[in-house]
>>> print(open('query.txt').read())   # compact mmCIF, C-alpha atoms and all ligand atoms
# COMPACT_ATOMS: atom_id res chain seq x y z
CA MET A 1 33.66 37.13 20.09
CA LEU A 2 35.86 38.22 17.20
CA GLY A 3 34.97 37.29 13.63
CA ILE A 4 37.80 36.93 11.16
CA ILE A 5 37.17 36.70 7.46
CA GLY A 6 40.22 35.35 5.69
CA GLY A 7 40.84 36.08 2.04
CA SER A 8 43.36 34.85 -0.49
CA GLY A 9 46.38 33.50 1.34
CA LEU A 10 44.53 33.13 4.63
CA THR A 11 42.11 30.27 4.19
CA GLN A 12 43.19 28.93 7.57
CA LEU A 13 44.51 30.38 10.76
CA ALA A 14 47.49 28.31 11.91
CA ASN A 15 47.26 29.67 15.43
CA LEU A 16 43.54 28.99 15.77
CA ASP A 17 42.79 26.25 18.26
CA ILE A 18 39.58 24.93 16.67
CA SER A 19 36.92 23.55 19.01
CA HIS A 20 34.26 22.90 16.39
CA ARG A 21 32.97 23.80 12.97
CA GLU A 22 29.39 24.78 12.28
CA VAL A 23 27.43 24.94 9.04
CA VAL A 24 25.18 27.97 9.45
CA ARG A 25 22.17 28.56 7.25
CA THR A 26 20.86 32.06 6.71
CA PRO A 27 17.85 33.65 5.01
CA TYR A 28 20.33 34.70 2.32
CA GLY A 29 21.64 31.24 1.55
CA GLU A 30 24.84 29.55 2.53
CA PRO A 31 28.00 31.27 3.68
CA SER A 32 31.29 30.51 1.91
CA GLY A 33 31.82 27.53 4.19
CA PRO A 34 31.39 26.28 7.73
CA LEU A 35 32.36 28.65 10.52
CA SER A 36 35.40 27.52 12.54
CA PHE A 37 35.06 28.28 16.24
CA GLY A 38 38.06 28.33 18.49
CA ARG A 39 40.55 30.33 20.44
CA ILE A 40 43.62 32.30 19.58
CA GLY A 41 45.41 32.64 22.88
CA CYS A 42 42.80 34.04 25.26
CA LEU A 43 40.44 35.23 22.56
CA ASP A 44 37.25 33.53 21.33
CA VAL A 45 37.31 33.63 17.58
CA VAL A 46 35.18 32.48 14.69
CA PHE A 47 36.89 32.17 11.36
CA LEU A 48 35.39 32.11 7.88
CA ALA A 49 37.30 31.62 4.63
CA ARG A 50 35.78 34.18 2.27
CA HIS A 51 36.50 32.19 -0.90
CA GLY A 52 35.70 28.81 0.69
CA TYR A 53 38.25 26.51 2.29
CA GLY A 54 39.40 25.25 -1.09
CA HIS A 55 39.48 28.80 -2.50
CA THR A 56 36.81 27.98 -5.06
CA ILE A 57 34.49 31.01 -4.86
CA PRO A 58 35.49 34.01 -7.01
CA PRO A 59 35.06 37.51 -5.52
CA HIS A 60 31.94 38.39 -7.52
CA LEU A 61 30.19 35.17 -6.43
CA VAL A 62 30.95 35.31 -2.71
CA ASN A 63 27.67 35.34 -0.78
CA TYR A 64 28.61 38.39 1.27
CA ARG A 65 25.14 38.67 2.79
CA ALA A 66 25.16 35.09 4.04
CA ASN A 67 28.70 35.49 5.39
CA MET A 68 27.93 38.61 7.39
CA HIS A 69 24.56 37.36 8.54
CA ALA A 70 26.09 34.06 9.70
CA LEU A 71 28.79 35.84 11.70
CA GLU A 72 26.25 38.09 13.34
CA SER A 73 23.89 35.22 14.09
CA VAL A 74 26.53 33.35 16.11
CA GLY A 75 27.23 36.37 18.28
CA VAL A 76 30.26 38.02 16.74
CA SER A 77 30.74 41.52 18.17
CA ARG A 78 33.45 42.80 15.81
CA VAL A 79 34.94 41.67 12.53
CA VAL A 80 38.42 41.83 11.11
CA SER A 81 38.59 41.21 7.39
CA VAL A 82 41.89 40.09 5.93
CA ALA A 83 42.22 40.85 2.25
CA SER A 84 44.94 40.89 -0.35
CA VAL A 85 45.15 43.95 -2.57
CA GLY A 86 47.22 45.57 -5.26
CA GLY A 87 49.25 48.64 -4.37
CA ILE A 88 48.64 51.93 -6.18
CA ARG A 89 50.19 54.48 -3.81
CA ALA A 90 53.98 54.66 -4.13
CA ASP A 91 54.66 53.59 -0.53
CA LEU A 92 52.34 50.57 -0.74
CA GLY A 93 54.39 47.98 -2.58
CA PRO A 94 54.27 44.17 -2.31
CA GLY A 95 54.49 42.84 1.23
CA LYS A 96 53.20 46.00 2.90
CA LEU A 97 50.35 45.79 5.41
CA VAL A 98 47.76 48.54 5.56
CA VAL A 99 44.58 49.30 7.48
CA PRO A 100 42.41 51.30 5.06
CA HIS A 101 40.18 54.14 6.23
CA GLN A 102 38.05 54.72 3.13
CA ILE A 103 36.41 52.83 0.28
CA ILE A 104 35.39 53.52 -3.29
CA ASP A 105 32.98 50.92 -4.63
CA TYR A 106 33.36 50.05 -8.33
CA THR A 107 31.53 46.74 -8.04
CA TRP A 108 28.22 46.04 -9.74
CA GLY A 109 25.54 43.39 -9.75
CA ARG A 110 26.36 42.06 -6.27
CA GLU A 111 23.72 41.52 -3.62
CA MET A 112 24.82 44.48 -1.52
CA THR A 113 22.08 45.13 1.00
CA PHE A 114 19.88 43.29 3.47
CA GLN A 115 17.04 45.57 2.47
CA SER A 116 14.96 43.74 -0.05
CA GLY A 117 12.08 46.21 -0.11
CA GLY A 118 8.51 45.79 1.00
CA ASP A 119 9.37 44.59 4.50
CA GLY A 120 9.44 47.83 6.42
CA PRO A 121 10.56 51.41 5.93
CA VAL A 122 13.69 52.12 3.89
CA VAL A 123 16.72 52.74 6.08
CA HIS A 124 19.72 54.73 4.90
CA VAL A 125 22.79 53.82 6.95
CA ASP A 126 25.54 56.36 7.47
CA PHE A 127 28.71 55.25 5.69
CA THR A 128 30.82 58.40 5.87
CA GLU A 129 33.51 56.46 7.74
CA PRO A 130 33.09 52.96 6.32
CA TYR A 131 35.37 51.25 8.85
CA ALA A 132 34.94 51.16 12.62
CA GLU A 133 37.62 53.40 14.02
CA GLU A 134 37.94 51.41 17.25
CA VAL A 135 38.70 48.20 15.32
CA ARG A 136 41.14 50.04 13.04
CA ARG A 137 42.86 51.59 16.05
CA THR A 138 43.11 48.26 17.84
CA LEU A 139 44.82 46.66 14.84
CA LEU A 140 47.22 49.57 14.45
CA ASP A 141 48.05 49.71 18.17
CA ILE A 142 48.81 46.00 18.30
CA ALA A 143 50.99 46.21 15.21
CA GLN A 144 52.93 49.04 16.79
CA ARG A 145 53.29 47.18 20.09
CA ILE A 146 54.73 44.09 18.44
CA GLY A 147 56.91 46.11 16.09
CA GLU A 148 55.12 45.19 12.87
CA PRO A 149 55.00 48.10 10.41
CA VAL A 150 51.42 48.72 9.23
CA SER A 151 50.31 51.81 7.30
CA ASP A 152 47.48 53.77 8.84
CA GLY A 153 44.92 54.75 6.21
CA ALA A 154 44.34 54.09 2.54
CA VAL A 155 41.48 54.44 0.13
CA TYR A 156 40.46 50.92 -0.91
CA ALA A 157 39.06 50.74 -4.44
CA THR A 158 36.86 47.66 -4.75
CA THR A 159 36.66 46.29 -8.27
CA GLN A 160 34.39 43.64 -9.66
CA GLY A 161 36.99 41.06 -10.66
CA PRO A 162 37.78 38.34 -11.13
CA ARG A 163 40.02 39.78 -13.83
CA LEU A 164 42.64 42.24 -12.76
CA GLU A 165 42.49 45.85 -13.91
CA THR A 166 43.89 47.58 -16.96
CA ALA A 167 46.62 50.17 -16.45
CA ALA A 168 44.17 52.87 -17.53
CA GLU A 169 41.62 51.72 -14.98
CA ILE A 170 44.25 51.97 -12.26
CA ASN A 171 45.14 55.49 -13.47
CA ARG A 172 41.50 56.44 -13.25
CA MET A 173 41.16 54.99 -9.77
CA GLN A 174 44.26 56.83 -8.64
CA GLY A 175 42.72 60.02 -10.04
CA ASP A 176 39.66 59.23 -7.93
CA GLY A 177 41.89 59.02 -4.84
CA ALA A 178 42.41 55.26 -4.54
CA ASP A 179 45.57 53.92 -2.84
CA ILE A 180 44.94 50.17 -3.00
CA VAL A 181 42.74 47.95 -5.13
CA GLY A 182 41.00 44.71 -4.26
CA MET A 183 37.88 42.76 -5.15
CA THR A 184 36.15 41.98 -1.87
CA GLY A 185 35.99 45.19 0.20
CA MET A 186 32.41 45.76 -0.89
CA PRO A 187 29.67 44.94 -0.24
CA GLU A 188 31.23 43.32 2.86
CA ALA A 189 31.88 46.58 4.70
CA GLY A 190 28.47 48.02 3.79
CA LEU A 191 26.66 44.93 5.01
CA ALA A 192 28.60 45.02 8.29
CA ARG A 193 27.40 48.60 8.73
CA GLU A 194 23.79 47.62 8.02
CA LEU A 195 24.13 45.05 10.81
CA ASP A 196 25.85 47.61 13.02
CA LEU A 197 28.81 45.26 13.33
CA PRO A 198 32.12 47.05 13.98
CA TYR A 199 34.30 46.07 11.01
CA ALA A 200 37.80 46.89 9.79
CA ALA A 201 40.16 45.45 7.21
CA LEU A 202 43.79 44.44 7.43
CA CYS A 203 45.07 44.42 3.87
CA VAL A 204 48.15 42.72 2.51
CA VAL A 205 49.63 44.22 -0.62
CA ALA A 206 50.32 41.24 -2.87
CA ASN A 207 51.51 43.07 -5.99
CA TRP A 208 51.88 46.43 -7.62
CA ALA A 209 48.61 47.34 -9.32
CA ALA A 210 48.46 47.05 -13.12
CA GLY A 211 50.77 49.47 -14.90
CA ARG A 212 52.69 50.38 -11.72
CA ALA A 213 56.38 49.70 -11.01
CA ASP A 214 57.25 46.07 -11.85
CA SER A 215 53.66 45.45 -12.95
CA ARG A 216 54.15 48.00 -15.74
CA HIS A 217 53.80 45.31 -18.42
CA GLY A 218 51.75 42.80 -16.44
CA ILE A 219 51.26 41.25 -13.04
CA LYS A 220 53.49 38.29 -12.31
CA PHE A 221 51.41 35.70 -10.53
CA GLU A 222 54.39 33.51 -9.61
CA GLU A 223 55.73 36.14 -7.23
CA LEU A 224 52.36 36.93 -5.72
CA GLU A 225 52.01 33.66 -3.81
CA ALA A 226 55.35 33.96 -2.01
CA VAL A 227 54.62 37.55 -0.98
CA LEU A 228 51.23 36.54 0.43
CA GLN A 229 52.60 33.55 2.33
CA GLU A 230 55.25 35.61 4.07
CA ALA A 231 52.93 38.52 4.83
CA MET A 232 50.19 36.30 6.23
CA ALA A 233 52.60 35.12 8.93
CA ARG A 234 52.78 38.77 10.04
CA VAL A 235 48.99 39.10 9.84
CA ARG A 236 48.65 36.10 12.14
CA ARG A 237 50.98 37.69 14.69
CA ILE A 238 48.86 40.83 14.71
CA ILE A 239 45.67 38.81 15.15
CA GLU A 240 47.29 36.94 18.04
CA GLY A 241 47.96 40.32 19.60
CA LEU A 242 44.22 41.04 19.66
CA CYS A 243 44.14 38.65 22.57
CA GLU A 244 45.69 41.22 24.88
CA SER A 245 43.70 44.15 23.54
N1 LIG A 301 43.75 44.17 -8.21
C1 LIG A 301 42.60 43.72 -7.65
N2 LIG A 301 42.58 42.84 -6.66
C2 LIG A 301 43.75 42.39 -6.18
C3 LIG A 301 44.97 42.80 -6.72
C4 LIG A 301 44.97 43.74 -7.79
O1 LIG A 301 46.02 44.14 -8.31
N3 LIG A 301 45.94 42.15 -6.03
C5 LIG A 301 45.32 41.37 -5.11
N4 LIG A 301 43.99 41.51 -5.19
>>> encode(input="query.txt", output="structure tokens", more="lines below")
Ligand code: HPA
Amino acid sequence: MLGIIGGSGLTQLANLDISHREVVRTPYGEPSGPLSFGRIGCLDVVFLARHGYGHTIPPHLVNYRANMHALESVGVSRVVSVASVGGIRADLGPGKLVVPHQIIDYTWGREMTFQSGGDGPVVHVDFTEPYAEEVRRTLLDIAQRIGEPVSDGAVYATTQGPRLETAAEINRMQGDGADIVGMTGMPEAGLARELDLPYAALCVVANWAAGRADSRHGIKFEELEAVLQEAMARVRRIIEGLCES
């Protein structure tokens, strides 16, 4: 079964034929909302809205541990995370879709591990390649097959939020090698790895990052919504394509 975590702009999946919803409790508390079980075409899917169905949970307060644990506990075998991001790299402007291959974690103070200490030996998981290549490849292959341009590879800088960045912070992140910036990439990906759940992200560039291009003097929120709406229709088509993969 495929798990899909929808971010800003994707709190629902229009093409998901929902059979039931389930409130799942976990040792880490409650997930962002009930899990929606259903089918997209021939594919069994469970969907979770990362920020809650009413988009009420800010990125730093998402219970990432409960979300990942809940998905695993219902038998999900791979996870696609959909996330909106700001574009730093020159070819990643608003409306672009990208499947990142690397992460830099600038978040702090989040519950970012299932290891709470004292309950067994410390385990260090390998995180050299933070995303599962087979899930990345599947997304990219589908996009190519249906003629949807998606960039292969980007370094995803995860910031704490909920405020957006300063122009200087974006300059620093670019100096570090970041191509896109978002607020939810971590600890989600790290927790998926701890659970050994194959995980990849499909990111939608909603805006130029602070200080870049038409965000030079500020990010215009009015335009962001329209970009996301249009791009999410393309995301849905790619997810539908997973059915044949
Ligand atoms: N910065 C951080 N997170 C984001 C952005 C951004 O510019 N756009 C969408 N999510």
>>> atom_distance(input="query.txt", atom1="CA of Val24 in chain A", atom2="CA of Ser116 in chain A")
21.1 Å
>>> residues_near_ligand(input="query.txt", ligand="ligand LIG 301 (chain A)", cutoff="10 Å", atoms="all atoms listed in the file", output="PyMOL selection string")
chain A and resi 7-8+59+83-88+94+157-166+170+180-185+203-212+215+219+221+224+228
>>> residues_around(input="query.txt", residues="Tyr131 in chain A", least_positions_apart="3", cutoff="12 Å", atoms="all atoms listed in the file", output="JSON, numbers by chain")
{"A": [78, 79, 80, 81, 99, 100, 101, 102, 103, 126, 127, 128, 134, 135, 136, 137, 153, 154, 155, 156, 185, 186, 188, 189, 190, 191, 192, 193, 196, 197, 198, 199, 200, 201, 202]}
>>> atom_distance(input="query.txt", atom1="CA of Thr26 in chain A", atom2="CA of Ala70 in chain A")
6.3 Å
>>> closest_residue(input="query.txt", among="A:Ile18, A:Leu13, A:Val62, A:Ala178", to="Arg234 in chain A", atoms="only C-alpha atoms")
A:Leu13
>>> decode(input="query.txt", residues="range 107-150 of chain A", atoms="C-alpha atoms", output="PDB file, in the first residue's frame")
ATOM      1  CA  THR A 107      15.251  22.650  11.926  1.00  0.00           C
ATOM      2  CA  TRP A 108      15.564  22.579  15.699  1.00  0.00           C
ATOM      3  CA  GLY A 109      13.553  21.499  18.693  1.00  0.00           C
ATOM      4  CA  ARG A 110      11.421  18.981  16.790  1.00  0.00           C
ATOM      5  CA  GLU A 111      10.890  15.429  17.982  1.00  0.00           C
ATOM      6  CA  MET A 112      13.092  13.903  15.311  1.00  0.00           C
ATOM      7  CA  THR A 113      13.754  10.321  16.328  1.00  0.00           C
ATOM      8  CA  PHE A 114      11.920   7.252  17.582  1.00  0.00           C
ATOM      9  CA  GLN A 115      14.868   6.553  19.846  1.00  0.00           C
ATOM     10  CA  SER A 116      14.017   7.891  23.240  1.00  0.00           C
ATOM     11  CA  GLY A 117      16.963   6.338  25.061  1.00  0.00           C
ATOM     12  CA  GLY A 118      17.038   3.669  27.710  1.00  0.00           C
ATOM     13  CA  ASP A 119      15.022   1.147  25.724  1.00  0.00           C
ATOM     14  CA  GLY A 120      17.738  -0.762  23.933  1.00  0.00           C
ATOM     15  CA  PRO A 121      21.052  -0.084  22.247  1.00  0.00           C
ATOM     16  CA  VAL A 122      21.525   3.156  20.316  1.00  0.00           C
ATOM     17  CA  VAL A 123      21.091   2.671  16.578  1.00  0.00           C
ATOM     18  CA  HIS A 124      22.650   4.996  14.022  1.00  0.00           C
ATOM     19  CA  VAL A 125      20.775   4.779  10.728  1.00  0.00           C
ATOM     20  CA  ASP A 126      22.568   5.451   7.472  1.00  0.00           C
ATOM     21  CA  PHE A 127      21.238   8.631   5.872  1.00  0.00           C
ATOM     22  CA  THR A 128      23.817   9.249   3.149  1.00  0.00           C
ATOM     23  CA  GLU A 129      21.060   9.087   0.538  1.00  0.00           C
ATOM     24  CA  PRO A 130      18.058  10.405   2.469  1.00  0.00           C
ATOM     25  CA  TYR A 131      15.467   9.454  -0.154  1.00  0.00           C
ATOM     26  CA  ALA A 132      14.708   5.977  -1.470  1.00  0.00           C
ATOM     27  CA  GLU A 133      16.063   5.867  -4.983  1.00  0.00           C
ATOM     28  CA  GLU A 134      13.440   3.382  -6.177  1.00  0.00           C
ATOM     29  CA  VAL A 135      10.597   5.691  -5.104  1.00  0.00           C
ATOM     30  CA  ARG A 136      12.339   8.708  -6.644  1.00  0.00           C
ATOM     31  CA  ARG A 137      12.896   6.797  -9.873  1.00  0.00           C
ATOM     32  CA  THR A 138       9.288   5.638 -10.011  1.00  0.00           C
ATOM     33  CA  LEU A 139       8.016   9.209  -9.688  1.00  0.00           C
ATOM     34  CA  LEU A 140      10.420  10.474 -12.326  1.00  0.00           C
ATOM     35  CA  ASP A 141       9.649   7.637 -14.751  1.00  0.00           C
ATOM     36  CA  ILE A 142       5.917   8.194 -14.472  1.00  0.00           C
ATOM     37  CA  ALA A 143       6.303  11.927 -14.989  1.00  0.00           C
ATOM     38  CA  GLN A 144       8.328  11.259 -18.107  1.00  0.00           C
ATOM     39  CA  ARG A 145       5.818   8.721 -19.403  1.00  0.00           C
ATOM     40  CA  ILE A 146       2.890  11.104 -19.061  1.00  0.00           C
ATOM     41  CA  GLY A 147       4.875  14.042 -20.400  1.00  0.00           C
ATOM     42  CA  GLU A 148       4.982  16.051 -17.178  1.00  0.00           C
ATOM     43  CA  PRO A 149       8.291  17.894 -16.737  1.00  0.00           C
ATOM     44  CA  VAL A 150       9.827  17.135 -13.329  1.00  0.00           C
TER      45      VAL A 150
END
